[in-house]
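Input: a single structure, listed below in structure tokens.
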Amino acid sequence: MRRSILCLILALCLMLSGCGNWMDGNYVSISPHQAQLTDVQSGTVSASDYMELLDVLTSLVDSGTETAVINVADYDQATVEIGMATAVRYLRNIYPLGAYAIERVDYEIGTGGGKPAISVNISYLHGRSEIRKIQKVADMDGARSKIGEALEDCEPGVVIQVANYKAFDVAQFVEDYAEQYPDIVMEVPQVAVGNYPDVGVTRILELSFTYQSSRDVLRQMQDQVGPYFEAASLYVSGGGSDGQKYAQLYAFLMERYDYKIETSLTPAYSLLCYGVGDSEAFACVYARMCRQAGLECEVITGTRAGEPWFWNMVCDNGTYYHVDLLRSNDEGGYWERTDAGMEGYVWDYSAYASSQMP
């Protein structure tokens, strides 16, 4: 009988102490109000209502603070426990920095120094140094800019807090950025994306980039490739029509090597330094050289004879033309073609300018 009574008392204590909050995944440990909190410090913070309590907790997370005691003497004691449980759920599931950084929140509700208080212990997946490195931006344009900077610096990743978040395909953006800046992005990394929380206007994006090459090697590649692009701009810096400049850049690129057509993990580097590349590498490098020389040029993705293929679209004297560097090389010189001359090619006609003769 005594054993049954003891079990009943323990069960009631667990219910009153809020064990349900621990069980629902918030990782919260609560002790009864009668517990004596012996670690109250002279600098104890105070909260007299839920909003003040929430402000205190978010400030703790913002600073990466692990332990604190909150004086709740002026808080309605009948609602302290539910207020704390609600605040922790908000901290873990809604507050962006909390969703990103917190591993666990433990707290005890009791008395310290003779006054009602809450002792809080926060465990972090990401500590103070990592929290300080989070880059804050206003919108997705700012986020894209930060991602570009990380790619240019060959960083292993970047963490960004976006005030006005909108969903977008990060992996596709990285591929597009690499296509646009082959002189900067030596290798397209594998991308892992963390989004904290899953919903909300403000979120934290945690991006991890995995490269086959080390950061030092990638930077050395950037240093070796850069002079080729600079030389290309100088090559067409004089007078002449746009058509002549397009042809000059074609010659600058295509006459460097007796190229070997293969796909490489480091397209621009392999193409310019070793003469190894595929249609995508040629199209991306040529487009970048043209744009740096002030010429309009983009990369077209499609198929040729049923196989994946890349080529360029240029604007020569106000008219758009297709330029396939590898086909031109096979035919012995630079060629500009209209849509009608692209037999055997398939592409998204709505995504690019039409190249009909005027």
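Ordering of the structure tokens sets the chain letters (A, B, ...), residue numbers begin anew at 1 in every chain, and ligands are numbered from 1 in the order given.
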
Residues within 9 Å of Leu125 (chain A), only C-alpha atoms, excluding chain neighbours under 2 positions, as a PyMOL selection string: chain A and resi 100-104+123+127

Please produce an output containing C-alpha atoms for each residue in the selection, written as an mmCIF file, in the first residue's frame.
data_model
loop_
_atom_site.group_PDB
_atom_site.id
_atom_site.type_symbol
_atom_site.label_atom_id
_atom_site.label_comp_id
_atom_site.auth_asym_id
_atom_site.auth_seq_id
_atom_site.Cartn_x
_atom_site.Cartn_y
_atom_site.Cartn_z
ATOM 1 C CA TYR A 100 19.032 27.458 -35.533
ATOM 2 C CA ALA A 101 21.240 27.559 -32.451
ATOM 3 C CA ILE A 102 19.513 25.837 -29.530
ATOM 4 C CA GLU A 103 19.945 22.160 -28.736
ATOM 5 C CA ARG A 104 18.109 22.044 -25.402
ATOM 6 C CA SER A 123 22.620 24.139 -24.499
ATOM 7 C CA GLY A 127 27.801 28.786 -29.824
#

Residues within 8 Å of region 196-208 of chain A, only C-alpha atoms, excluding chain neighbours under 2 positions, as a list in words: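 The residues that qualify are Asn93, Ile94, Tyr95, Pro96, Leu97, Ala99, Tyr100, Pro156, Gly157, Val158, Val159, Ile160, Gln161, Val162, Ala163, Asn164, Tyr165, Lys166, Val191, Ala192, Val193, Gly194 and Thr210 of chain A.
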
Those selected residues, please, written with N, CA and C atoms and delivered as a PDB file, in the first residue's frame.
ATOM      1  N   ASN A  93      10.890  26.850 -31.653  1.00  0.00           N
ATOM      2  CA  ASN A  93      10.189  26.517 -32.894  1.00  0.00           C
ATOM      3  C   ASN A  93       9.871  27.702 -33.803  1.00  0.00           C
ATOM      4  N   ILE A  94       9.889  28.915 -33.260  1.00  0.00           N
ATOM      5  CA  ILE A  94       9.483  30.082 -34.051  1.00  0.00           C
ATOM      6  C   ILE A  94      10.598  31.118 -34.164  1.00  0.00           C
ATOM      7  N   TYR A  95      11.294  31.389 -33.067  1.00  0.00           N
ATOM      8  CA  TYR A  95      12.363  32.387 -33.082  1.00  0.00           C
ATOM      9  C   TYR A  95      13.517  31.874 -33.942  1.00  0.00           C
ATOM     10  N   PRO A  96      13.871  32.563 -35.041  1.00  0.00           N
ATOM     11  CA  PRO A  96      14.848  32.019 -35.994  1.00  0.00           C
ATOM     12  C   PRO A  96      16.181  31.619 -35.371  1.00  0.00           C
ATOM     13  N   LEU A  97      16.761  32.504 -34.566  1.00  0.00           N
ATOM     14  CA  LEU A  97      18.051  32.188 -33.979  1.00  0.00           C
ATOM     15  C   LEU A  97      17.951  31.012 -33.014  1.00  0.00           C
ATOM     16  N   ALA A  99      15.705  28.513 -33.226  1.00  0.00           N
ATOM     17  CA  ALA A  99      15.525  27.304 -34.035  1.00  0.00           C
ATOM     18  C   ALA A  99      16.846  26.836 -34.623  1.00  0.00           C
ATOM     19  N   TYR A 100      17.726  27.785 -34.944  1.00  0.00           N
ATOM     20  CA  TYR A 100      19.032  27.458 -35.533  1.00  0.00           C
ATOM     21  C   TYR A 100      20.042  27.010 -34.477  1.00  0.00           C
ATOM     22  N   PRO A 156      33.510  27.336 -47.064  1.00  0.00           N
ATOM     23  CA  PRO A 156      32.812  26.054 -46.933  1.00  0.00           C
ATOM     24  C   PRO A 156      31.318  26.215 -46.676  1.00  0.00           C
ATOM     25  N   GLY A 157      30.879  27.444 -46.482  1.00  0.00           N
ATOM     26  CA  GLY A 157      29.468  27.679 -46.261  1.00  0.00           C
ATOM     27  C   GLY A 157      29.223  29.088 -45.770  1.00  0.00           C
ATOM     28  N   VAL A 158      27.955  29.402 -45.518  1.00  0.00           N
ATOM     29  CA  VAL A 158      27.592  30.726 -45.016  1.00  0.00           C
ATOM     30  C   VAL A 158      26.251  30.603 -44.299  1.00  0.00           C
ATOM     31  N   VAL A 159      26.077  31.396 -43.240  1.00  0.00           N
ATOM     32  CA  VAL A 159      24.821  31.427 -42.494  1.00  0.00           C
ATOM     33  C   VAL A 159      24.271  32.841 -42.592  1.00  0.00           C
ATOM     34  N   ILE A 160      23.017  32.953 -43.043  1.00  0.00           N
ATOM     35  CA  ILE A 160      22.424  34.254 -43.334  1.00  0.00           C
ATOM     36  C   ILE A 160      21.064  34.358 -42.661  1.00  0.00           C
ATOM     37  N   GLN A 161      20.827  35.466 -41.962  1.00  0.00           N
ATOM     38  CA  GLN A 161      19.499  35.749 -41.429  1.00  0.00           C
ATOM     39  C   GLN A 161      18.808  36.711 -42.382  1.00  0.00           C
ATOM     40  N   VAL A 162      17.676  36.282 -42.948  1.00  0.00           N
ATOM     41  CA  VAL A 162      16.956  37.066 -43.947  1.00  0.00           C
ATOM     42  C   VAL A 162      15.679  37.616 -43.314  1.00  0.00           C
ATOM     43  N   ALA A 163      15.539  38.938 -43.309  1.00  0.00           N
ATOM     44  CA  ALA A 163      14.380  39.560 -42.658  1.00  0.00           C
ATOM     45  C   ALA A 163      13.091  39.304 -43.428  1.00  0.00           C
ATOM     46  N   ASN A 164      13.160  39.304 -44.749  1.00  0.00           N
ATOM     47  CA  ASN A 164      11.984  39.058 -45.583  1.00  0.00           C
ATOM     48  C   ASN A 164      12.279  37.881 -46.500  1.00  0.00           C
ATOM     49  N   TYR A 165      12.127  36.700 -45.945  1.00  0.00           N
ATOM     50  CA  TYR A 165      12.502  35.478 -46.657  1.00  0.00           C
ATOM     51  C   TYR A 165      11.448  35.068 -47.678  1.00  0.00           C
ATOM     52  N   LYS A 166      11.922  34.621 -48.836  1.00  0.00           N
ATOM     53  CA  LYS A 166      11.066  33.997 -49.839  1.00  0.00           C
ATOM     54  C   LYS A 166      11.797  32.766 -50.358  1.00  0.00           C
ATOM     55  N   VAL A 191      25.597  21.379 -52.509  1.00  0.00           N
ATOM     56  CA  VAL A 191      24.991  22.336 -51.591  1.00  0.00           C
ATOM     57  C   VAL A 191      24.041  21.633 -50.628  1.00  0.00           C
ATOM     58  N   ALA A 192      24.218  21.895 -49.336  1.00  0.00           N
ATOM     59  CA  ALA A 192      23.276  21.431 -48.311  1.00  0.00           C
ATOM     60  C   ALA A 192      22.640  22.662 -47.675  1.00  0.00           C
ATOM     61  N   VAL A 193      21.318  22.635 -47.512  1.00  0.00           N
ATOM     62  CA  VAL A 193      20.589  23.809 -47.047  1.00  0.00           C
ATOM     63  C   VAL A 193      19.828  23.497 -45.765  1.00  0.00           C
ATOM     64  N   GLY A 194      20.017  24.338 -44.753  1.00  0.00           N
ATOM     65  CA  GLY A 194      19.216  24.287 -43.541  1.00  0.00           C
ATOM     66  C   GLY A 194      18.382  25.549 -43.455  1.00  0.00           C
ATOM     67  N   THR A 210      30.305  21.750 -50.362  1.00  0.00           N
ATOM     68  CA  THR A 210      31.294  20.671 -50.364  1.00  0.00           C
ATOM     69  C   THR A 210      32.004  20.645 -51.715  1.00  0.00           C
TER      70      THR A 210
END

d(CA of Val185 (chain A), CA of Phe173 (chain A)) in Å: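 One can read the CA of Val185 (chain A) to CA of Phe173 (chain A) distance as 12.6 Å.
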
Counting only C-alpha atoms, the residue of A:Val276, A:Ala85, A:Leu91, A:Tyr257 that sits nearest Thr58 (chain A):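 So, comparing all the options, the nearest one is A:Leu91.
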
Residue list (strand (DSSP E), DSSP) for region 217-299 of chain A, as an MDAnalysis selection string: chainID A and resid 260:261 276:277 297:299

Please produce an output containing C-alpha atoms for each residue in the selection, written as an mmCIF file, in the first residue's frame.
data_model
loop_
_atom_site.group_PDB
_atom_site.id
_atom_site.type_symbol
_atom_site.label_atom_id
_atom_site.label_comp_id
_atom_site.auth_asym_id
_atom_site.auth_seq_id
_atom_site.Cartn_x
_atom_site.Cartn_y
_atom_site.Cartn_z
ATOM 1 C CA LYS A 260 40.366 17.764 -75.885
ATOM 2 C CA ILE A 261 36.589 17.607 -75.463
ATOM 3 C CA VAL A 276 40.282 20.289 -71.664
ATOM 4 C CA GLY A 277 36.595 21.168 -71.705
ATOM 5 C CA CYS A 297 26.385 37.392 -74.696
ATOM 6 C CA GLU A 298 24.510 34.641 -72.876
ATOM 7 C CA VAL A 299 24.679 30.878 -72.544
#

Separation of CA of Ser350 (chain A) from CA of Tyr250 (chain A) in Å: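 Pair CA of Tyr250 (chain A) / CA of Ser350 (chain A) returns 26.6 Å.
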
Alpha helix (DSSP H) residues, from DSSP on the backbone, in region 268-306 of chain A, as an MDAnalysis selection string: chainID A and resid 268:274 279:292

Residue contacts of region 304-306 of chain A (12 Å, only C-alpha atoms) excluding same-chain residues fewer than 4 positions away, as a PyMOL selection string: chain A and resi 279+300+310-311+324+326-327+342-347

Selection file, C-alpha atoms, as a short mmCIF file (atom, residue, chain, number, x, y, z; two decimals), in the first residue's frame:
data_model
loop_
_atom_site.label_atom_id
_atom_site.label_comp_id
_atom_site.auth_asym_id
_atom_site.auth_seq_id
_atom_site.Cartn_x
_atom_site.Cartn_y
_atom_site.Cartn_z
CA SER A 279 30.50 22.63 -74.70
CA ILE A 300 21.94 28.75 -74.10
CA PHE A 310 25.59 24.50 -74.66
CA TRP A 311 26.22 27.42 -77.00
CA ASP A 324 28.38 27.40 -81.32
CA LEU A 326 32.83 23.93 -81.15
CA ARG A 327 30.82 23.72 -84.38
CA MET A 342 20.19 25.89 -86.10
CA GLU A 343 18.88 22.67 -87.59
CA GLY A 344 19.39 19.76 -85.20
CA TYR A 345 19.35 22.03 -82.11
CA VAL A 346 16.54 22.22 -79.57
CA TRP A 347 16.18 24.84 -76.84
#

Contacts of Leu265 (chain A) at 10 Å (only C-alpha atoms; same-chain gap of 2+ positions) as a PyMOL selection string: chain A and resi 186-189+211-213+263+267-270+277

Just to be explicit: take each residue in the selection above, keep C-alpha atoms, and write the result as a PDB file, in the first residue's frame.
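This is the output file result.pdb:
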ATOM      1  CA  MET A 186      36.323  27.204 -60.166  1.00  0.00           C
ATOM      2  CA  GLU A 187      34.193  24.275 -59.078  1.00  0.00           C
ATOM      3  CA  VAL A 188      30.440  23.953 -58.530  1.00  0.00           C
ATOM      4  CA  PRO A 189      30.055  22.634 -54.966  1.00  0.00           C
ATOM      5  CA  TYR A 211      34.136  20.863 -52.894  1.00  0.00           C
ATOM      6  CA  GLN A 212      36.342  18.149 -54.321  1.00  0.00           C
ATOM      7  CA  SER A 213      39.295  20.551 -54.222  1.00  0.00           C
ATOM      8  CA  THR A 263      33.901  17.288 -68.941  1.00  0.00           C
ATOM      9  CA  PRO A 267      35.616  23.926 -66.205  1.00  0.00           C
ATOM     10  CA  ALA A 268      37.346  27.291 -66.689  1.00  0.00           C
ATOM     11  CA  TYR A 269      40.615  26.188 -65.119  1.00  0.00           C
ATOM     12  CA  SER A 270      40.828  22.965 -67.125  1.00  0.00           C
ATOM     13  CA  GLY A 277      36.595  21.168 -71.705  1.00  0.00           C
TER      14      GLY A 277
END
